[in-house]
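Shown here: protein-v5.txt, compact mmCIF, C-alpha atoms.
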# COMPACT_ATOMS: atom_id res chain seq x y z
CA MET I 21 61.38 191.43 1.17
CA ARG I 22 62.21 187.72 1.26
CA ARG I 23 63.91 186.57 4.44
CA LEU I 24 67.01 184.42 4.20
CA PRO I 25 66.68 180.96 5.75
CA PHE I 26 68.68 180.43 8.92
CA PRO I 27 71.18 177.88 7.45
CA VAL I 28 72.04 180.28 4.62
CA LEU I 29 72.47 183.17 7.05
CA ALA I 30 74.62 180.98 9.30
CA ARG I 31 76.90 180.06 6.39
CA VAL I 32 77.24 183.70 5.37
CA LEU I 33 78.18 184.71 8.92
CA LYS I 34 80.59 181.80 9.20
CA ARG I 35 82.45 182.94 6.09
CA GLN I 36 82.77 186.45 7.55
CA LEU I 37 84.06 185.32 10.95
CA PRO I 38 87.78 184.81 11.64
CA THR I 39 89.12 181.33 10.89
CA SER I 40 92.06 181.31 13.32
CA LEU I 41 91.81 180.45 17.01
CA TRP I 42 93.47 183.78 17.82
CA GLY I 43 90.86 185.74 15.88
CA ARG I 44 87.91 183.78 17.24
CA SER I 45 89.12 183.98 20.84
CA LEU I 46 89.69 187.70 20.45
CA LEU I 47 86.21 188.07 19.03
CA ILE I 48 84.68 186.11 21.91
CA ILE I 49 86.33 188.36 24.50
CA VAL I 50 86.40 191.76 22.80
CA LEU I 51 82.95 191.76 21.20
CA PRO I 52 81.02 191.32 24.49
CA ILE I 53 83.14 194.04 26.11
CA LEU I 54 82.40 196.46 23.29
CA ILE I 55 78.71 195.61 23.32
CA MET I 56 78.51 196.02 27.10
CA GLN I 57 80.38 199.32 27.10
CA GLY I 58 78.28 200.59 24.21
CA ALA I 59 75.08 199.64 26.03
CA VAL I 60 76.29 201.30 29.23
CA THR I 61 77.25 204.47 27.37
CA TRP I 62 73.95 204.59 25.51
CA ALA I 63 71.98 204.01 28.71
CA PHE I 64 73.96 206.74 30.49
CA PHE I 65 73.39 209.32 27.76
CA ASP I 66 69.80 208.36 27.15
CA MET I 67 68.72 208.16 30.78
CA HIS I 68 71.08 210.09 33.01
CA TRP I 69 72.77 212.73 30.87
CA ARG I 70 69.65 213.68 28.92
CA THR I 71 67.57 213.86 32.11
CA VAL I 72 70.12 216.03 33.91
CA THR I 73 70.52 218.27 30.86
CA ALA I 74 66.73 218.70 30.61
CA ARG I 75 66.47 219.71 34.27
CA LEU I 76 69.36 222.14 34.00
CA SER I 77 67.84 223.67 30.87
CA GLU I 78 64.48 224.04 32.62
CA GLY I 79 66.16 225.79 35.54
CA LEU I 80 68.04 228.16 33.24
CA ALA I 81 64.87 228.82 31.21
CA GLY I 82 63.07 229.71 34.44
CA ASP I 83 65.76 232.25 35.34
CA VAL I 84 65.68 233.72 31.81
CA ALA I 85 61.88 233.99 32.02
CA TRP I 86 62.20 235.74 35.41
CA ALA I 87 64.62 238.27 33.95
CA ALA I 88 62.45 238.92 30.87
CA GLU I 89 59.25 239.28 32.92
CA SER I 90 60.92 241.48 35.52
CA TYR I 91 62.23 243.83 32.85
CA ARG I 92 58.83 243.86 31.13
CA ASP I 93 57.19 244.86 34.41
CA GLU I 94 59.69 247.70 34.98
CA PRO I 95 61.37 248.66 31.67
CA SER I 96 63.67 251.30 33.08
CA ALA I 97 67.39 251.67 33.46
CA ALA I 98 67.09 251.41 37.26
CA GLY I 99 64.99 248.27 37.00
CA LEU I 100 67.46 246.72 34.54
CA ALA I 101 70.30 247.49 36.90
CA VAL I 102 68.52 245.74 39.78
CA ILE I 103 67.76 242.74 37.57
CA ALA I 104 71.34 242.56 36.30
CA ASP I 105 72.78 242.82 39.82
CA ARG I 106 70.47 240.14 41.19
CA GLY I 107 71.13 237.85 38.20
CA GLU I 108 74.88 238.26 38.60
CA ARG I 109 74.89 237.59 42.35
CA SER I 110 72.30 234.83 42.62
CA MET I 111 72.10 233.13 39.22
CA GLN I 112 75.51 233.67 37.55
CA LEU I 113 73.77 235.49 34.70
CA SER I 114 75.11 238.44 32.75
CA ILE I 115 72.08 240.54 31.69
CA ALA I 116 72.24 243.50 29.31
CA LEU I 117 69.88 245.39 27.00
CA ARG I 118 70.65 246.18 23.37
CA PRO I 119 68.29 249.08 22.60
CA GLY I 120 66.63 249.13 19.19
CA GLU I 121 68.06 245.77 18.00
CA THR I 122 66.18 242.67 16.85
CA LEU I 123 66.90 238.98 17.15
CA PRO I 124 69.51 237.55 14.73
CA ALA I 125 68.07 235.83 11.69
CA GLU I 126 70.74 233.10 11.61
CA ARG I 127 70.35 230.09 13.85
CA ARG I 128 73.49 228.32 14.99
CA ARG I 129 73.26 224.80 16.39
CA GLY I 130 75.89 222.65 18.06
CA PRO I 131 77.11 219.18 16.99
CA ILE I 132 75.11 217.50 19.80
CA GLY I 133 71.55 218.21 18.74
CA VAL I 134 70.00 217.01 21.97
CA VAL I 135 71.44 220.03 23.85
CA ASP I 136 69.84 222.56 21.50
CA ARG I 137 66.55 220.70 21.35
CA THR I 138 66.35 220.41 25.13
CA LEU I 139 67.19 224.09 25.72
CA GLU I 140 64.80 225.24 22.98
CA ALA I 141 61.95 223.22 24.45
CA ALA I 142 62.62 224.59 27.94
CA LEU I 143 62.76 228.21 26.74
CA ALA I 144 59.64 227.81 24.62
CA SER I 145 57.69 226.49 27.59
CA ARG I 146 58.70 229.41 29.82
CA LEU I 147 58.88 232.43 27.51
CA ASP I 148 56.05 234.25 25.78
CA GLN I 149 58.35 236.57 23.81
CA PRO I 150 60.41 235.57 20.76
CA PHE I 151 63.88 234.32 21.70
CA TRP I 152 67.15 233.24 20.13
CA PHE I 153 70.09 231.30 21.58
CA ASP I 154 73.53 230.09 20.58
CA THR I 155 75.46 227.25 22.30
CA THR I 156 78.47 227.28 19.96
CA ARG I 157 79.92 230.81 19.93
CA TYR I 158 81.43 230.68 23.42
CA PRO I 159 82.79 227.32 24.63
CA ALA I 160 82.02 228.03 28.32
CA TYR I 161 78.82 230.09 27.94
CA VAL I 162 75.37 230.05 26.38
CA ASP I 163 74.10 233.19 24.61
CA ILE I 164 70.34 233.73 25.03
CA GLN I 165 68.50 236.73 23.59
CA VAL I 166 64.85 237.68 24.24
CA GLN I 167 62.99 240.22 22.13
CA GLN I 168 61.59 243.18 24.10
CA PRO I 169 59.72 246.32 22.92
CA GLN I 170 62.77 248.41 23.77
CA GLY I 171 65.27 246.08 22.03
CA VAL I 172 66.94 242.74 22.74
CA LEU I 173 67.55 241.52 26.29
CA ARG I 174 70.79 239.55 26.11
CA ILE I 175 71.57 236.97 28.82
CA ILE I 176 74.94 235.20 28.99
CA ALA I 177 74.81 232.06 31.19
CA PRO I 178 77.56 229.58 32.14
CA ARG I 179 77.37 226.44 29.99
CA GLU I 180 77.17 224.15 33.03
CA ARG I 181 73.84 225.78 33.89
CA ALA I 182 72.33 224.35 30.67
CA VAL I 183 74.32 221.18 30.01
CA ALA I 184 75.79 218.40 32.16
CA THR I 185 79.37 219.20 31.20
CA GLN I 186 80.98 216.35 33.20
CA ALA I 187 79.68 213.66 30.86
CA HIS I 188 82.97 213.52 28.97
CA ILE I 189 84.73 212.47 32.18
CA PHE I 190 82.45 209.44 32.41
CA VAL I 191 83.10 208.59 28.78
CA LEU I 192 86.84 209.04 29.30
CA TRP I 193 86.95 206.70 32.29
CA LEU I 194 84.76 204.21 30.46
CA THR I 195 87.10 204.28 27.47
CA VAL I 196 90.18 203.86 29.66
CA ALA I 197 88.58 200.92 31.46
CA THR I 198 87.62 199.34 28.13
CA VAL I 199 91.14 199.70 26.74
CA LEU I 200 92.65 198.19 29.89
CA LEU I 201 90.25 195.25 29.88
CA MET I 202 90.84 194.62 26.20
CA GLY I 203 94.60 194.88 26.66
CA VAL I 204 94.57 192.30 29.45
CA ALA I 205 92.26 190.04 27.44
CA ILE I 206 94.42 190.31 24.30
CA LEU I 207 97.59 189.56 26.28
CA PHE I 208 95.99 186.56 27.96
CA ILE I 209 94.55 185.17 24.73
CA ARG I 210 97.84 185.70 22.90
CA ASN I 211 99.74 183.68 25.51
CA GLN I 212 97.24 180.83 25.31
CA VAL I 213 97.17 180.78 21.51
CA ARG I 214 100.96 181.00 21.37
CA ALA I 215 101.19 177.74 23.31
CA ILE I 216 98.99 176.03 20.71
CA GLU I 217 101.01 177.56 17.87
CA ARG I 218 104.25 176.22 19.37
CA LEU I 219 102.68 172.79 19.66
CA ALA I 220 101.66 172.98 15.98
CA GLU I 221 105.17 174.14 15.00
CA ALA I 222 106.73 171.26 16.93
CA ALA I 223 104.39 168.75 15.27
CA GLU I 224 105.13 170.20 11.82
CA ALA I 225 108.89 170.13 12.48
CA PHE I 226 108.64 166.50 13.59
CA GLY I 227 106.70 165.72 10.41
CA ARG I 228 109.65 167.13 8.44
CA GLY I 229 112.04 164.91 10.38
CA GLU I 230 113.52 167.67 12.54
CA THR I 231 113.88 165.90 15.88
CA SER I 232 116.29 168.42 17.41
CA VAL I 233 113.61 171.10 17.95
CA ARG I 234 113.30 171.96 21.64
CA PHE I 235 109.74 171.99 22.83
CA LYS I 236 108.48 172.34 26.40
CA PRO I 237 104.79 172.05 27.31
CA HIS I 238 103.30 175.27 28.64
CA GLY I 239 100.03 177.16 28.60
CA ALA I 240 96.65 176.06 29.92
CA ARG I 241 96.23 172.63 31.49
CA GLU I 242 94.50 171.17 28.43
CA VAL I 243 97.21 172.52 26.11
CA ARG I 244 99.93 171.06 28.34
CA GLN I 245 98.14 167.70 28.30
CA ALA I 246 98.06 167.77 24.51
CA ALA I 247 101.76 168.74 24.41
CA VAL I 248 102.71 165.91 26.80
CA ALA I 249 100.71 163.47 24.67
CA PHE I 250 102.48 164.75 21.55
CA LEU I 251 105.92 164.31 23.13
CA ALA I 252 105.03 160.76 24.20
CA MET I 253 103.77 159.99 20.69
CA ARG I 254 106.92 161.47 19.16
CA ASP I 255 109.12 159.32 21.38
CA ARG I 256 107.15 156.19 20.47
CA ILE I 257 107.40 156.96 16.75
CA GLN I 258 111.11 157.65 17.01
CA ARG I 259 111.67 154.38 18.89
CA HIS I 260 109.64 152.55 16.25
CA ILE I 261 111.66 154.11 13.42
CA GLU I 262 114.93 153.33 15.14
CA GLN I 263 113.87 149.74 15.79
CA ARG I 264 112.70 149.31 12.20
CA THR I 265 115.90 150.79 10.82
CA ALA I 266 118.06 148.69 13.11
CA LEU I 267 116.09 145.54 12.21
CA LEU I 268 116.38 146.14 8.48
CA ALA I 269 120.03 147.05 8.83
CA SER I 270 120.62 143.76 10.64
CA VAL I 271 118.66 141.86 8.01
CA SER I 272 120.62 143.62 5.28
CA HIS I 273 123.91 142.77 6.99
CA ASP I 274 122.88 139.17 7.52
CA LEU I 275 121.80 138.83 3.89
CA ARG I 276 124.91 140.48 2.52
CA THR I 277 127.10 137.83 4.16
CA PRO I 278 125.62 134.84 2.26
CA LEU I 279 125.38 136.96 -0.88
CA THR I 280 129.09 137.72 -0.62
CA ARG I 281 129.86 134.03 -0.12
CA LEU I 282 127.72 133.13 -3.14
CA ARG I 283 129.44 135.81 -5.22
CA LEU I 284 132.86 134.49 -4.12
CA GLU I 285 131.94 130.87 -4.80
CA LEU I 286 130.56 131.88 -8.20
CA ALA I 287 133.82 133.68 -9.02
CA LEU I 288 135.94 130.68 -7.97
CA ALA I 289 133.74 128.09 -9.65
CA PRO I 290 134.66 126.72 -13.09
CA PRO I 291 132.89 128.47 -15.97
CA PHE I 292 129.44 127.08 -16.69
CA LYS I 293 126.42 128.06 -18.76
CA ARG I 294 124.31 129.69 -15.99
CA ALA I 295 127.14 131.70 -14.40
CA ALA I 296 126.16 135.02 -16.01
CA ALA I 297 122.46 134.58 -15.12
CA MET I 298 123.31 133.73 -11.51
CA LYS I 299 125.56 136.81 -11.27
CA GLY I 300 122.70 138.95 -12.56
CA ASP I 301 120.37 137.46 -9.94
CA LEU I 302 122.88 138.27 -7.20
CA ASP I 303 123.18 141.87 -8.43
CA GLU I 304 119.41 142.24 -8.45
CA MET I 305 119.11 140.78 -4.92
CA GLU I 306 121.74 143.22 -3.65
CA HIS I 307 119.97 146.14 -5.34
CA MET I 308 116.66 145.07 -3.80
CA ILE I 309 118.21 144.97 -0.33
CA ASP I 310 119.58 148.49 -0.83
CA GLU I 311 116.16 149.71 -1.97
CA TYR I 312 114.35 148.19 1.01
CA LEU I 313 116.86 149.66 3.47
CA ALA I 314 116.68 153.12 1.87
CA PHE I 315 112.91 153.09 1.97
CA ALA I 316 112.81 152.03 5.62
CA ARG I 317 115.50 154.48 6.74
CA GLY I 318 114.24 157.46 4.74
CA GLU I 319 117.48 159.38 5.44
CA ALA I 320 115.72 160.73 8.57
CA GLY I 321 118.90 161.23 10.53
CA GLU I 322 120.35 163.69 8.04
CA THR I 323 120.59 167.34 9.10
CA PRO I 324 119.01 169.97 6.79
CA GLN I 325 121.46 172.45 5.29
CA PRO I 326 121.50 175.03 2.46
CA VAL I 327 121.66 173.25 -0.89
CA ASP I 328 122.09 174.58 -4.43
CA VAL I 329 119.00 173.26 -6.24
CA SER I 330 120.54 173.95 -9.66
CA ALA I 331 123.51 171.71 -8.80
CA LEU I 332 121.12 168.91 -7.83
CA LEU I 333 119.34 169.24 -11.18
CA GLN I 334 122.67 169.15 -13.02
CA ALA I 335 123.67 165.97 -11.18
CA ALA I 336 120.32 164.36 -11.95
CA GLY I 337 120.72 165.44 -15.59
CA GLU I 338 124.06 163.62 -15.80
CA ASP I 339 122.36 160.43 -14.59
CA VAL I 340 119.71 160.87 -17.29
CA LYS I 341 122.40 161.22 -19.95
CA ARG I 342 124.14 158.07 -18.74
CA ALA I 343 120.83 156.27 -19.05
CA GLY I 344 120.78 157.17 -22.75
CA ALA I 345 118.05 159.86 -22.77
CA GLU I 346 118.22 163.47 -23.84
CA VAL I 347 117.90 165.98 -21.01
CA GLU I 348 116.79 169.62 -20.84
CA ILE I 349 117.52 171.60 -17.66
CA ALA I 350 115.98 174.97 -16.75
CA ALA I 351 116.68 176.41 -13.30
CA PRO I 352 117.74 179.81 -11.88
CA PRO I 353 121.40 179.76 -10.83
CA THR I 354 120.75 181.37 -7.43
CA LEU I 355 118.03 179.02 -6.16
CA THR I 356 119.01 177.58 -2.77
CA ALA I 357 116.93 175.81 -0.14
CA SER I 358 117.34 174.14 3.24
CA LEU I 359 117.26 170.41 2.45
CA ARG I 360 118.64 167.08 3.57
CA PRO I 361 121.05 166.71 0.64
CA LEU I 362 121.41 162.93 0.36
CA ALA I 363 117.70 162.23 0.85
CA PHE I 364 116.56 164.88 -1.61
CA LYS I 365 119.20 163.86 -4.16
CA ARG I 366 117.96 160.28 -3.93
CA ALA I 367 114.34 161.39 -4.48
CA LEU I 368 115.30 163.53 -7.48
CA THR I 369 117.48 160.75 -8.89
CA ASN I 370 114.59 158.28 -8.60
CA LEU I 371 112.24 160.61 -10.49
CA ALA I 372 114.82 161.42 -13.17
CA GLY I 373 115.76 157.75 -13.48
CA ASN I 374 112.13 156.75 -13.96
CA ALA I 375 111.70 159.46 -16.59
CA ALA I 376 114.86 158.32 -18.43
CA ALA I 377 113.78 154.67 -18.27
CA HIS I 378 110.36 155.34 -19.84
CA GLY I 379 111.09 158.21 -22.23
CA GLU I 380 113.68 159.43 -24.68
CA HIS I 381 113.53 163.10 -23.72
CA VAL I 382 113.55 164.38 -20.09
CA ARG I 383 112.99 167.93 -18.91
CA LEU I 384 114.14 169.09 -15.45
CA SER I 385 113.06 172.55 -14.28
CA ALA I 386 112.87 174.50 -11.02
CA ARG I 387 111.51 177.87 -9.97
CA ALA I 388 110.93 179.86 -6.78
CA LEU I 389 107.36 180.52 -5.69
CA THR I 390 106.07 183.99 -4.88
CA SER I 391 104.37 182.63 -1.74
CA GLY I 392 107.66 181.16 -0.50
CA GLY I 393 109.35 177.85 -1.21
CA PHE I 394 110.06 176.37 -4.62
CA GLU I 395 109.00 173.62 -6.99
CA ILE I 396 110.83 171.15 -9.23
CA VAL I 397 109.25 169.55 -12.29
CA VAL I 398 110.45 166.28 -13.89
CA GLU I 399 108.84 165.52 -17.28
CA ASP I 400 109.29 162.87 -19.94
CA ASP I 401 107.83 161.90 -23.30
CA GLY I 402 107.09 158.30 -22.35
CA PRO I 403 103.75 156.48 -22.19
CA GLY I 404 102.77 158.20 -18.93
CA ILE I 405 100.39 156.91 -16.26
CA PRO I 406 96.59 157.07 -16.44
CA GLU I 407 95.13 159.74 -14.18
CA ASP I 408 93.11 157.25 -12.14
CA MET I 409 96.34 155.39 -11.26
CA HIS I 410 98.42 158.37 -10.07
CA GLU I 411 97.94 157.65 -6.38
CA GLU I 412 98.46 153.95 -6.88
CA ALA I 413 101.85 154.71 -8.43
CA PHE I 414 103.06 156.01 -5.05
CA ARG I 415 102.25 152.81 -3.19
CA PRO I 416 105.33 150.86 -2.08
CA PHE I 417 106.15 147.88 -4.31
CA GLY I 418 103.56 149.01 -6.86
CA ARG I 419 104.30 148.03 -10.49
CA LEU I 420 102.30 149.71 -13.22
CA ASP I 421 103.40 147.41 -16.02
CA GLU I 422 100.39 148.12 -18.20
CA SER I 423 101.29 151.79 -18.68
CA ARG I 424 105.03 151.88 -17.93
CA ASN I 425 107.89 149.77 -19.23
CA GLN I 426 109.22 147.11 -16.86
CA ASN I 427 112.24 148.30 -14.92
CA ARG I 428 114.02 145.07 -14.19
CA LYS I 429 116.24 146.49 -11.46
CA GLY I 430 113.42 148.29 -9.67
CA VAL I 431 111.18 146.95 -6.93
CA GLY I 432 108.44 149.57 -7.10
CA LEU I 433 109.88 151.91 -4.45
CA GLY I 434 111.16 154.84 -6.55
CA LEU I 435 108.06 157.04 -6.38
CA ALA I 436 107.29 155.92 -2.81
CA ILE I 437 110.75 156.98 -1.64
CA ALA I 438 110.52 160.27 -3.52
CA ARG I 439 107.14 161.16 -1.98
CA ASP I 440 108.35 160.10 1.48
CA VAL I 441 111.34 162.45 1.14
CA ALA I 442 109.19 165.31 -0.15
CA ARG I 443 106.69 164.95 2.68
CA GLY I 444 109.56 164.69 5.14
CA HIS I 445 110.56 168.19 3.97
CA GLY I 446 107.01 169.49 4.50
CA GLY I 447 106.01 169.30 0.84
CA ASP I 448 104.55 166.73 -1.53
CA ILE I 449 104.74 165.24 -5.03
CA THR I 450 101.88 165.23 -7.51
CA LEU I 451 101.62 163.59 -10.92
CA ALA I 452 100.02 164.98 -14.07
CA ARG I 453 100.19 164.78 -17.84
CA SER I 454 103.22 166.50 -19.37
CA ASP I 455 103.07 168.66 -22.46
CA LEU I 456 105.88 166.41 -23.76
CA GLY I 457 103.32 163.61 -23.91
CA GLY I 458 104.46 161.58 -20.90
CA LEU I 459 104.42 161.97 -17.13
CA ARG I 460 104.89 165.20 -15.18
CA ALA I 461 106.09 164.87 -11.55
CA LEU I 462 105.86 168.09 -9.53
CA ILE I 463 107.80 168.46 -6.26
CA ARG I 464 106.58 171.45 -4.23
CA LEU I 465 108.33 172.35 -0.98
CA PRO I 466 107.59 175.20 1.43
CA GLY I 467 110.07 177.96 2.19

What does this structure look like when you write it as structure tokens?
Amino acid sequence: MRRLPFPVLARVLKRQLPTSLWGRSLLIIVLPILIMQGAVTWAFFDMHWRTVTARLSEGLAGDVAWAAESYRDEPSAAGLAVIADRGERSMQLSIALRPGETLPAERRRGPIGVVDRTLEAALASRLDQPFWFDTTRYPAYVDIQVQQPQGVLRIIAPRERAVATQAHIFVLWLTVATVLLMGVAILFIRNQVRAIERLAEAAEAFGRGETSVRFKPHGAREVRQAAVAFLAMRDRIQRHIEQRTALLASVSHDLRTPLTRLRLELALAPPFKRAAAMKGDLDEMEHMIDEYLAFARGEAGETPQPVDVSALLQAAGEDVKRAGAEVEIAAPPTLTASLRPLAFKRALTNLAGNAAAHGEHVRLSARALTSGGFEIVVEDDGPGIPEDMHEEAFRPFGRLDESRNQNRKGVGLGLAIARDVARGHGGDITLARSDLGGLRALIRLPG
């Protein structure tokens, strides 16, 4: 038989072991306890219980041999009476003769074979006559029969004279102790793992933009240190986001003022040849400022609330129609989800707008997932994006002019904003080839 190499065996065992911290911690604590208790039980039965049972069986076999030899020496009714009286008073044995009978042909053995084997060996070493015994007929007694010329000498002995009957008490106490130890260990491990799970839940909630979740460090010292570090990191990130948003809001406000003056001066100026082009440049500059501010803010301050996904698709479909493309919408009417409405509507509008700008037919669909959550698919029949450029398409300010038509009002933030919103909800956006021939954008969000 070929032996498996150690790395292969290690990989096989690793796949069979629990993957969670709760399962592994439980295995680390419970498995040694079970092994130790099993070893103690096996040692007790193999060394103590079997030894005591063997000695008890030898003592009982000696008394049975005395009774059989005494009756053989004086096979009379008076002699049997003396033997029976002495056995009853001194040895707790009930001795009687069944004249003319023979030993039973059927052998009955108990579920614990070591008891029968031990008693049989002891009787065989002490008796010269044929014998038969039964340890199962009477729960508290052992039935031993010895063949005599006159019949069968039947001896009923208490079970404790042949077997150490208190072994079950040891096993009971051992089991109770094991259950108590395991219960304490499971409770302790659960409390420690729960602290880590709460830290993970707080981190995941913060990743979704939920800053109102209350979280207090607790658990072991190392877990509390990690929780304190997480809270400090969360505060620094929040301050950074607030500073960035405030800075861009100030820049946007400062830029809007000269843009407004330019727009006013352009409106009051006499008509000239470049007036329309300059007005278009001002509109594009204002749109760019709005795009930059939306990307920096990310609608993070919005509170999640139940939203009708079908209504969002209908609104996005109206935008597609206004852009001059045909739209197909497929969504269950009862699909609702907890979303930040303005942020998610902006992400969906960006995807639908891109599809309408690069294709003539747009398909919007949504469905609930059996594992929880839902997904939204935006497809078009445009030129699409090469597979090796899918991730590059999500980079801020990226322009894929070789594969997509130039969107003159865009600044390359549509897909970046959409992915940022999806990830802020705990999901993501992936791109693929659509069966319409163009691009397929899949938004998948957890429940």

Item to complete: For Ala376 in chain I, please output as a ChimeraX atom specification all residues within 12 Å (counting all atoms listed in the file; exclusion window: fewer than 2 positions along the same chain).
Response: /I:336-348,369-374,378-384,398-403,424-425,427,458-459

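Atom to atom, CA of Gly434 in chain I and CA of Ala367 in chain I stand 7.6 Å apart.
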
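Across the structure, CA of Ser40 in chain I and CA of Ala252 in chain I are spaced 26.6 Å apart.
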
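Checking I:Leu194, I:Arg415, I:Ala247, I:Asp310 one by one against Met56 in chain I, counting all atoms listed in the file, you find the shortest gap at I:Leu194.
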
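Across the model, the gap from CA of Gln149 in chain I to CA of Gln165 in chain I is 10.2 Å.
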
Fill in: Spatial neighbours of Ile176 in chain I, 9 Å, all atoms listed in the file, chain gap at least 6 places, as a PyMOL selection string
chain I and resi 112-116+161-165

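Distance cut-off 10 Å, centre (101.6, 170.8, 18.7), atoms counted only C-alpha atoms; the residues meeting this are Ala215, Ile216, Glu217, Arg218, Leu219, Ala220, Glu221, Ala222, Ala223, Glu224, Ala225, Phe226, Phe235, Pro237, Val243, Arg244, Ala246, Ala247, Val248, Ala249, Phe250 and Leu251 of chain I.
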
Worksheet entry | range 140-144 of chain I environment, 9 Å, all atoms listed in the file, sequence neighbours closer than 5 positions dropped, as an MDAnalysis selection string | chainID I and resid 74:75 77:82 84:85 135 149:153

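The shell of residues at most 12 Å from Phe64 in chain I, with only C-alpha atoms counted and near chain neighbours (fewer than 3 positions) removed, consists of I:Gln57, I:Gly58, I:Ala59, I:Val60, I:Thr61, I:Met67, I:His68, I:Trp69, I:Arg70, I:Thr71, I:Val72, I:Ala184, I:Ala187, I:His188, I:Phe190, I:Val191, I:Leu194.
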
Practice prompt. Could you give me, as number ranges by chain, the residues within 12 Å of Glu411 in chain I, counting all atoms listed in the file and dropping anything in the same chain fewer than 5 positions from it?
Written response: I: 405-406, 416, 418, 420, 435-436, 439, 449-452

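Nearest-residue note for Ala350 in chain I: choosing from I:Arg387, I:Val271, I:Ala297, I:Phe364, the minimum distance belongs to I:Arg387, counting all atoms listed in the file.
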
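Among the candidates I:Gly107, I:Gly239, I:Pro124, I:Pro291, the one nearest to Phe208 in chain I when counting all atoms listed in the file is I:Gly239.
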
Would you mind writing range 279-291 of chain I with N, CA, C and O atoms, as a compact mmCIF listing (two decimals), in the frame of the given file?
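Final output, out06.txt:
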# COMPACT_ATOMS: atom_id res chain seq x y z
N LEU I 279 125.25 136.49 0.49
CA LEU I 279 125.38 136.96 -0.88
C LEU I 279 126.85 137.11 -1.27
O LEU I 279 127.24 136.78 -2.40
N THR I 280 127.65 137.59 -0.34
CA THR I 280 129.09 137.72 -0.62
C THR I 280 129.72 136.35 -0.81
O THR I 280 130.59 136.16 -1.70
N ARG I 281 129.32 135.39 0.03
CA ARG I 281 129.86 134.03 -0.12
C ARG I 281 129.46 133.44 -1.47
O ARG I 281 130.27 132.81 -2.16
N LEU I 282 128.16 133.65 -1.85
CA LEU I 282 127.72 133.13 -3.14
C LEU I 282 128.48 133.78 -4.28
O LEU I 282 128.84 133.12 -5.27
N ARG I 283 128.70 135.12 -4.16
CA ARG I 283 129.44 135.81 -5.22
C ARG I 283 130.88 135.29 -5.31
O ARG I 283 131.43 135.12 -6.41
N LEU I 284 131.50 135.01 -4.13
CA LEU I 284 132.86 134.49 -4.12
C LEU I 284 132.92 133.09 -4.71
O LEU I 284 133.80 132.75 -5.50
N GLU I 285 131.96 132.23 -4.28
CA GLU I 285 131.94 130.87 -4.80
C GLU I 285 131.69 130.87 -6.30
O GLU I 285 132.26 130.06 -7.05
N LEU I 286 130.83 131.80 -6.77
CA LEU I 286 130.56 131.88 -8.20
C LEU I 286 131.80 132.33 -8.96
O LEU I 286 132.07 131.86 -10.07
N ALA I 287 132.60 133.22 -8.35
CA ALA I 287 133.82 133.68 -9.02
C ALA I 287 134.88 132.59 -9.08
O ALA I 287 135.67 132.52 -10.03
N LEU I 288 134.92 131.73 -8.03
CA LEU I 288 135.94 130.68 -7.97
C LEU I 288 135.51 129.41 -8.70
O LEU I 288 136.34 128.54 -8.97
N ALA I 289 134.23 129.31 -8.99
CA ALA I 289 133.74 128.09 -9.65
C ALA I 289 134.19 128.06 -11.11
O ALA I 289 134.42 129.11 -11.72
N PRO I 290 134.32 126.83 -11.66
CA PRO I 290 134.66 126.72 -13.09
C PRO I 290 133.57 127.35 -13.94
O PRO I 290 132.40 127.39 -13.54
N PRO I 291 133.91 127.87 -15.09
CA PRO I 291 132.89 128.47 -15.97
C PRO I 291 131.80 127.47 -16.34
O PRO I 291 132.10 126.30 -16.61
